[in-house]
$ cat data06.cif   # mmCIF, C-alpha atoms
data_start
#
loop_
_atom_site.group_PDB
_atom_site.id
_atom_site.type_symbol
_atom_site.label_atom_id
_atom_site.label_comp_id
_atom_site.auth_asym_id
_atom_site.auth_seq_id
_atom_site.Cartn_x
_atom_site.Cartn_y
_atom_site.Cartn_z
ATOM 1 C CA MET A 1 -25.398 -130.964 -30.140
ATOM 2 C CA GLU A 2 -28.004 -128.654 -28.660
ATOM 3 C CA PHE A 3 -27.734 -125.346 -26.829
ATOM 4 C CA LEU A 4 -30.128 -125.740 -23.882
ATOM 5 C CA ILE A 5 -31.356 -122.631 -22.118
ATOM 6 C CA ILE A 6 -33.303 -122.787 -18.860
ATOM 7 C CA ILE A 7 -34.770 -119.583 -17.492
ATOM 8 C CA LEU A 8 -35.455 -120.371 -13.861
ATOM 9 C CA LYS A 9 -37.982 -118.043 -12.285
ATOM 10 C CA LYS A 10 -37.930 -119.876 -8.954
ATOM 11 C CA VAL A 11 -34.422 -118.645 -8.153
ATOM 12 C CA GLU A 12 -34.541 -120.204 -4.686
ATOM 13 C CA LEU A 13 -34.278 -123.619 -6.379
ATOM 14 C CA VAL A 14 -31.053 -122.999 -8.311
ATOM 15 C CA ASP A 15 -28.797 -124.747 -5.768
ATOM 16 C CA GLU A 16 -31.046 -127.798 -5.546
ATOM 17 C CA LEU A 17 -31.278 -127.920 -9.342
ATOM 18 C CA ILE A 18 -27.545 -127.851 -9.957
ATOM 19 C CA VAL A 19 -27.001 -130.607 -7.371
ATOM 20 C CA LYS A 20 -29.631 -132.762 -9.124
ATOM 21 C CA LEU A 21 -28.062 -132.008 -12.514
ATOM 22 C CA GLN A 22 -24.677 -133.081 -11.184
ATOM 23 C CA GLU A 23 -26.255 -136.374 -10.084
ATOM 24 C CA ILE A 24 -27.160 -137.079 -13.738
ATOM 25 C CA ASP A 25 -23.624 -136.161 -14.871
ATOM 26 C CA ILE A 26 -24.316 -132.621 -16.032
ATOM 27 C CA HIS A 27 -21.242 -130.849 -14.682
ATOM 28 C CA HIS A 28 -20.494 -128.066 -17.153
ATOM 29 C CA GLY A 29 -22.658 -125.092 -17.880
ATOM 30 C CA THR A 30 -23.063 -121.404 -17.246
ATOM 31 C CA ILE A 31 -25.400 -119.686 -14.798
ATOM 32 C CA MET A 32 -26.208 -116.017 -15.197
ATOM 33 C CA ASP A 33 -28.339 -113.626 -13.183
ATOM 34 C CA ALA A 34 -31.170 -112.232 -15.283
ATOM 35 C CA LYS A 35 -34.155 -109.914 -14.970
ATOM 36 C CA SER A 36 -37.674 -110.514 -16.207
ATOM 37 C CA MET A 37 -38.676 -108.233 -19.052
ATOM 38 C CA THR A 38 -42.331 -108.704 -18.085
ATOM 39 C CA SER A 39 -41.839 -107.216 -14.645
ATOM 40 C CA ALA A 40 -39.716 -104.381 -16.032
ATOM 41 C CA LEU A 41 -42.467 -103.501 -18.496
ATOM 42 C CA ALA A 42 -45.108 -103.775 -15.800
ATOM 43 C CA LYS A 43 -43.198 -101.292 -13.636
ATOM 44 C CA ARG A 44 -42.815 -98.927 -16.561
ATOM 45 C CA TRP A 45 -46.505 -98.940 -17.401
ATOM 46 C CA THR A 46 -48.087 -98.941 -13.941
ATOM 47 C CA ASP A 47 -49.380 -95.409 -14.490
ATOM 48 C CA VAL A 48 -51.292 -96.442 -17.616
ATOM 49 C CA PRO A 49 -54.698 -97.765 -16.448
ATOM 50 C CA MET A 50 -55.085 -100.261 -19.296
ATOM 51 C CA PHE A 51 -51.826 -102.045 -18.468
ATOM 52 C CA GLY A 52 -52.582 -102.064 -14.758
ATOM 53 C CA LEU A 53 -55.935 -103.642 -15.573
ATOM 54 C CA PHE A 54 -54.292 -106.381 -17.667
ATOM 55 C CA ARG A 55 -51.818 -107.129 -14.897
ATOM 56 C CA SER A 56 -54.505 -107.407 -12.236
ATOM 57 C CA ALA A 57 -56.711 -109.470 -14.579
ATOM 58 C CA ASN A 58 -53.877 -111.948 -15.048
ATOM 59 C CA ASN A 59 -53.390 -111.954 -11.275
ATOM 60 C CA HIS A 60 -49.803 -113.228 -11.657
ATOM 61 C CA GLU A 61 -46.946 -112.254 -9.458
ATOM 62 C CA TYR A 62 -43.841 -111.832 -11.553
ATOM 63 C CA ASN A 63 -40.495 -112.429 -9.962
ATOM 64 C CA GLU A 64 -38.170 -109.826 -11.396
ATOM 65 C CA ASP A 65 -35.067 -111.915 -10.707
ATOM 66 C CA CYS A 66 -34.367 -115.144 -12.535
ATOM 67 C CA LYS A 67 -31.422 -117.367 -13.343
ATOM 68 C CA MET A 68 -30.424 -118.389 -16.826
ATOM 69 C CA LEU A 69 -28.687 -121.758 -17.053
ATOM 70 C CA MET A 70 -26.996 -122.654 -20.329
ATOM 71 C CA PHE A 71 -25.570 -125.941 -21.537
ATOM 72 C CA VAL A 72 -24.308 -127.475 -24.766
ATOM 73 C CA LEU A 73 -25.391 -131.119 -24.689
ATOM 74 C CA ASP A 74 -25.934 -134.151 -26.871
ATOM 75 C CA ARG A 75 -29.595 -134.525 -27.828
ATOM 76 C CA GLU A 76 -29.869 -137.697 -25.711
ATOM 77 C CA ARG A 77 -29.086 -135.786 -22.511
ATOM 78 C CA ILE A 78 -31.794 -133.165 -23.028
ATOM 79 C CA ASP A 79 -34.571 -135.558 -21.947
ATOM 80 C CA LYS A 80 -32.723 -136.344 -18.691
ATOM 81 C CA VAL A 81 -32.229 -132.663 -17.966
ATOM 82 C CA THR A 82 -35.879 -131.897 -18.738
ATOM 83 C CA ALA A 83 -37.061 -134.602 -16.331
ATOM 84 C CA THR A 84 -34.692 -133.329 -13.640
ATOM 85 C CA VAL A 85 -35.804 -129.724 -14.041
ATOM 86 C CA GLU A 86 -39.451 -130.779 -13.775
ATOM 87 C CA GLU A 87 -38.667 -132.907 -10.709
ATOM 88 C CA VAL A 88 -37.154 -129.898 -8.930
ATOM 89 C CA VAL A 89 -39.264 -127.034 -10.259
ATOM 90 C CA GLY A 90 -42.593 -128.712 -10.937
ATOM 91 C CA ASP A 91 -44.908 -128.325 -13.905
ATOM 92 C CA LEU A 92 -43.306 -125.844 -16.299
ATOM 93 C CA ASN A 93 -46.717 -125.056 -17.753
ATOM 94 C CA GLN A 94 -47.512 -123.232 -14.503
ATOM 95 C CA PRO A 95 -46.691 -119.509 -14.448
ATOM 96 C CA GLY A 96 -43.655 -118.382 -12.493
ATOM 97 C CA THR A 97 -41.712 -121.658 -12.666
ATOM 98 C CA ALA A 98 -39.264 -121.896 -15.574
ATOM 99 C CA VAL A 99 -39.017 -122.086 -19.328
ATOM 100 C CA MET A 100 -36.672 -124.265 -21.356
ATOM 101 C CA PHE A 101 -35.738 -124.439 -25.006
ATOM 102 C CA THR A 102 -32.966 -125.654 -27.257
ATOM 103 C CA VAL A 103 -31.238 -124.245 -30.290
ATOM 104 C CA PRO A 104 -29.266 -126.491 -32.643
ATOM 105 C CA VAL A 105 -25.502 -126.069 -32.436
ATOM 106 C CA ASN A 106 -23.970 -126.171 -35.894
ATOM 107 C CA PHE A 107 -20.407 -125.740 -34.695
ATOM 108 C CA GLU A 108 -18.652 -126.342 -31.413
ATOM 109 C CA LYS A 109 -15.094 -126.670 -30.290
ATOM 110 C CA GLY A 110 -13.494 -127.081 -26.892
ATOM 111 C CA PHE A 111 -16.464 -128.579 -25.035
ATOM 112 C CA ASP A 112 -15.851 -131.283 -22.478
ATOM 113 C CA ARG A 113 -18.089 -134.175 -23.504
ATOM 114 C CA ASN A 114 -18.490 -135.459 -19.915
#
$ encode --input "data06.cif" --output "structure tokens"
Amino acid sequence: MEFLIIILKKVELVDELIVKLQEIDIHHGTIMDAKSMTSALAKRWTDVPMFGLFRSANNHEYNEDCKMLMFVLDRERIDKVTATVEEVVGDLNQPGTAVMFTVPVNFEKGFDRN
């Protein structure tokens, strides 16, 4: 079993994503509202010229709001979820899309296997 975490920066796609996940039989998970630490730090350090320079040099717009989706899944289902997330969100290597990672689950009890 794997603990899959998706941090979705394109929050406007959360509804479409969960519908697509349901279509591949991913029905159980948790969605939480989250805030980007990067944008919080950027706001904190806007008065420091060096940090403002780095932010403008990167030329990235950071969405402060994001959604965190969490699932405990068999390893075989992770590839399906990854493909679905990329279908909806696009190339995850692009800034401002999403990040995904898994953590091994050494113990679990009470999870619906469907």
$ atom_distance --input "data06.cif" --atom1 "atom CA of Ala34 of chain A" --atom2 "atom CA of Leu13 of chain A"
14.8 Å
$ resolve_selection --input "data06.cif" --expression "the PyMOL selection byres ((chain A and resi 88-105) around 6)" --output "PyMOL selection string"
chain A and resi 1-10+85-87+106-107
$ atom_distance --input "data06.cif" --atom1 "atom CA of Ile26 of chain A" --atom2 "atom CA of Thr84 of chain A"
10.7 Å
$ closest_residue --input "data06.cif" --among "A:Cys66, A:Ile78, A:Val14, A:Val72" --to "Met37 of chain A" --atoms "all atoms listed in the file"
A:Cys66
$ atom_distance --input "data06.cif" --atom1 "atom CA of Ile24 of chain A" --atom2 "atom CA of Val81 of chain A"
7.9 Å
$ decode --input "data06.cif" --residues "segment 10-22 of chain A" --atoms "all heavy atoms" --output "PDB file, in the first residue's frame"
ATOM      1  N   LYS A  10      -3.559  24.026  -9.454  1.00  0.00           N
ATOM      2  CA  LYS A  10      -4.638  24.511 -10.322  1.00  0.00           C
ATOM      3  C   LYS A  10      -5.965  24.107  -9.673  1.00  0.00           C
ATOM      4  O   LYS A  10      -6.634  23.168 -10.099  1.00  0.00           O
ATOM      5  CB  LYS A  10      -4.509  23.911 -11.716  1.00  0.00           C
ATOM      6  CG  LYS A  10      -3.348  24.437 -12.509  1.00  0.00           C
ATOM      7  CD  LYS A  10      -3.383  23.909 -13.930  1.00  0.00           C
ATOM      8  CE  LYS A  10      -2.365  24.593 -14.798  1.00  0.00           C
ATOM      9  NZ  LYS A  10      -2.465  24.166 -16.196  1.00  0.00           N
ATOM     10  N   VAL A  11      -6.349  24.837  -8.633  1.00  0.00           N
ATOM     11  CA  VAL A  11      -7.517  24.467  -7.837  1.00  0.00           C
ATOM     12  C   VAL A  11      -8.804  24.426  -8.652  1.00  0.00           C
ATOM     13  O   VAL A  11      -9.737  23.709  -8.303  1.00  0.00           O
ATOM     14  CB  VAL A  11      -7.683  25.387  -6.608  1.00  0.00           C
ATOM     15  CG1 VAL A  11      -6.530  25.225  -5.649  1.00  0.00           C
ATOM     16  CG2 VAL A  11      -7.835  26.844  -7.012  1.00  0.00           C
ATOM     17  N   GLU A  12      -8.842  25.170  -9.750  1.00  0.00           N
ATOM     18  CA  GLU A  12     -10.050  25.184 -10.582  1.00  0.00           C
ATOM     19  C   GLU A  12     -10.304  23.838 -11.252  1.00  0.00           C
ATOM     20  O   GLU A  12     -11.391  23.586 -11.771  1.00  0.00           O
ATOM     21  CB  GLU A  12      -9.965  26.296 -11.641  1.00  0.00           C
ATOM     22  CG  GLU A  12      -8.916  26.077 -12.713  1.00  0.00           C
ATOM     23  CD  GLU A  12      -7.503  26.533 -12.342  1.00  0.00           C
ATOM     24  OE1 GLU A  12      -7.256  26.876 -11.172  1.00  0.00           O
ATOM     25  OE2 GLU A  12      -6.641  26.550 -13.244  1.00  0.00           O
ATOM     26  N   LEU A  13      -9.326  22.941 -11.202  1.00  0.00           N
ATOM     27  CA  LEU A  13      -9.470  21.623 -11.838  1.00  0.00           C
ATOM     28  C   LEU A  13      -9.852  20.517 -10.863  1.00  0.00           C
ATOM     29  O   LEU A  13      -9.989  19.364 -11.266  1.00  0.00           O
ATOM     30  CB  LEU A  13      -8.157  21.237 -12.541  1.00  0.00           C
ATOM     31  CG  LEU A  13      -7.716  22.162 -13.676  1.00  0.00           C
ATOM     32  CD1 LEU A  13      -6.364  21.718 -14.237  1.00  0.00           C
ATOM     33  CD2 LEU A  13      -8.771  22.195 -14.774  1.00  0.00           C
ATOM     34  N   VAL A  14     -10.066  20.839  -9.593  1.00  0.00           N
ATOM     35  CA  VAL A  14     -10.313  19.786  -8.608  1.00  0.00           C
ATOM     36  C   VAL A  14     -11.577  18.993  -8.921  1.00  0.00           C
ATOM     37  O   VAL A  14     -11.587  17.766  -8.810  1.00  0.00           O
ATOM     38  CB  VAL A  14     -10.308  20.328  -7.158  1.00  0.00           C
ATOM     39  CG1 VAL A  14     -11.526  21.183  -6.863  1.00  0.00           C
ATOM     40  CG2 VAL A  14     -10.174  19.184  -6.167  1.00  0.00           C
ATOM     41  N   ASP A  15     -12.648  19.653  -9.333  1.00  0.00           N
ATOM     42  CA  ASP A  15     -13.895  18.930  -9.633  1.00  0.00           C
ATOM     43  C   ASP A  15     -13.716  17.995 -10.823  1.00  0.00           C
ATOM     44  O   ASP A  15     -14.147  16.839 -10.780  1.00  0.00           O
ATOM     45  CB  ASP A  15     -15.052  19.906  -9.885  1.00  0.00           C
ATOM     46  CG  ASP A  15     -15.479  20.631  -8.627  1.00  0.00           C
ATOM     47  OD1 ASP A  15     -15.270  20.099  -7.514  1.00  0.00           O
ATOM     48  OD2 ASP A  15     -16.024  21.748  -8.747  1.00  0.00           O
ATOM     49  N   GLU A  16     -13.096  18.488 -11.881  1.00  0.00           N
ATOM     50  CA  GLU A  16     -12.841  17.651 -13.050  1.00  0.00           C
ATOM     51  C   GLU A  16     -11.954  16.465 -12.677  1.00  0.00           C
ATOM     52  O   GLU A  16     -12.194  15.333 -13.110  1.00  0.00           O
ATOM     53  CB  GLU A  16     -12.177  18.471 -14.154  1.00  0.00           C
ATOM     54  CG  GLU A  16     -11.890  17.678 -15.409  1.00  0.00           C
ATOM     55  CD  GLU A  16     -11.189  18.488 -16.486  1.00  0.00           C
ATOM     56  OE1 GLU A  16     -11.061  19.732 -16.359  1.00  0.00           O
ATOM     57  OE2 GLU A  16     -10.762  17.870 -17.483  1.00  0.00           O
ATOM     58  N   LEU A  17     -10.952  16.709 -11.841  1.00  0.00           N
ATOM     59  CA  LEU A  17     -10.037  15.639 -11.448  1.00  0.00           C
ATOM     60  C   LEU A  17     -10.738  14.558 -10.654  1.00  0.00           C
ATOM     61  O   LEU A  17     -10.563  13.370 -10.932  1.00  0.00           O
ATOM     62  CB  LEU A  17      -8.859  16.212 -10.661  1.00  0.00           C
ATOM     63  CG  LEU A  17      -7.826  15.195 -10.186  1.00  0.00           C
ATOM     64  CD1 LEU A  17      -7.238  14.405 -11.352  1.00  0.00           C
ATOM     65  CD2 LEU A  17      -6.739  15.890  -9.381  1.00  0.00           C
ATOM     66  N   ILE A  18     -11.575  14.934  -9.711  1.00  0.00           N
ATOM     67  CA  ILE A  18     -12.226  13.886  -8.908  1.00  0.00           C
ATOM     68  C   ILE A  18     -13.244  13.087  -9.731  1.00  0.00           C
ATOM     69  O   ILE A  18     -13.424  11.899  -9.492  1.00  0.00           O
ATOM     70  CB  ILE A  18     -12.829  14.427  -7.593  1.00  0.00           C
ATOM     71  CG1 ILE A  18     -13.888  15.486  -7.832  1.00  0.00           C
ATOM     72  CG2 ILE A  18     -11.741  14.920  -6.669  1.00  0.00           C
ATOM     73  CD1 ILE A  18     -14.587  15.963  -6.573  1.00  0.00           C
ATOM     74  N   VAL A  19     -13.862  13.724 -10.717  1.00  0.00           N
ATOM     75  CA  VAL A  19     -14.756  12.976 -11.619  1.00  0.00           C
ATOM     76  C   VAL A  19     -13.955  11.958 -12.417  1.00  0.00           C
ATOM     77  O   VAL A  19     -14.345  10.794 -12.552  1.00  0.00           O
ATOM     78  CB  VAL A  19     -15.535  13.934 -12.545  1.00  0.00           C
ATOM     79  CG1 VAL A  19     -16.210  13.185 -13.676  1.00  0.00           C
ATOM     80  CG2 VAL A  19     -16.563  14.734 -11.745  1.00  0.00           C
ATOM     81  N   LYS A  20     -12.800  12.385 -12.951  1.00  0.00           N
ATOM     82  CA  LYS A  20     -11.942  11.473 -13.731  1.00  0.00           C
ATOM     83  C   LYS A  20     -11.393  10.355 -12.847  1.00  0.00           C
ATOM     84  O   LYS A  20     -11.275   9.214 -13.290  1.00  0.00           O
ATOM     85  CB  LYS A  20     -10.788  12.238 -14.380  1.00  0.00           C
ATOM     86  CG  LYS A  20     -11.209  13.176 -15.465  1.00  0.00           C
ATOM     87  CD  LYS A  20     -11.590  12.439 -16.713  1.00  0.00           C
ATOM     88  CE  LYS A  20     -11.837  13.404 -17.844  1.00  0.00           C
ATOM     89  NZ  LYS A  20     -12.210  12.723 -19.076  1.00  0.00           N
ATOM     90  N   LEU A  21     -11.064  10.655 -11.606  1.00  0.00           N
ATOM     91  CA  LEU A  21     -10.584   9.618 -10.692  1.00  0.00           C
ATOM     92  C   LEU A  21     -11.687   8.606 -10.401  1.00  0.00           C
ATOM     93  O   LEU A  21     -11.443   7.406 -10.333  1.00  0.00           O
ATOM     94  CB  LEU A  21     -10.048  10.238  -9.397  1.00  0.00           C
ATOM     95  CG  LEU A  21      -8.744  11.017  -9.533  1.00  0.00           C
ATOM     96  CD1 LEU A  21      -8.429  11.754  -8.228  1.00  0.00           C
ATOM     97  CD2 LEU A  21      -7.590  10.101  -9.926  1.00  0.00           C
ATOM     98  N   GLN A  22     -12.902   9.079 -10.250  1.00  0.00           N
ATOM     99  CA  GLN A  22     -14.028   8.178 -10.032  1.00  0.00           C
ATOM    100  C   GLN A  22     -14.205   7.241 -11.222  1.00  0.00           C
ATOM    101  O   GLN A  22     -14.517   6.062 -11.049  1.00  0.00           O
ATOM    102  CB  GLN A  22     -15.308   8.982  -9.780  1.00  0.00           C
ATOM    103  CG  GLN A  22     -16.499   8.114  -9.458  1.00  0.00           C
ATOM    104  CD  GLN A  22     -17.747   8.928  -9.200  1.00  0.00           C
ATOM    105  OE1 GLN A  22     -17.816  10.115  -9.498  1.00  0.00           O
ATOM    106  NE2 GLN A  22     -18.749   8.282  -8.647  1.00  0.00           N
TER     107      GLN A  22
END
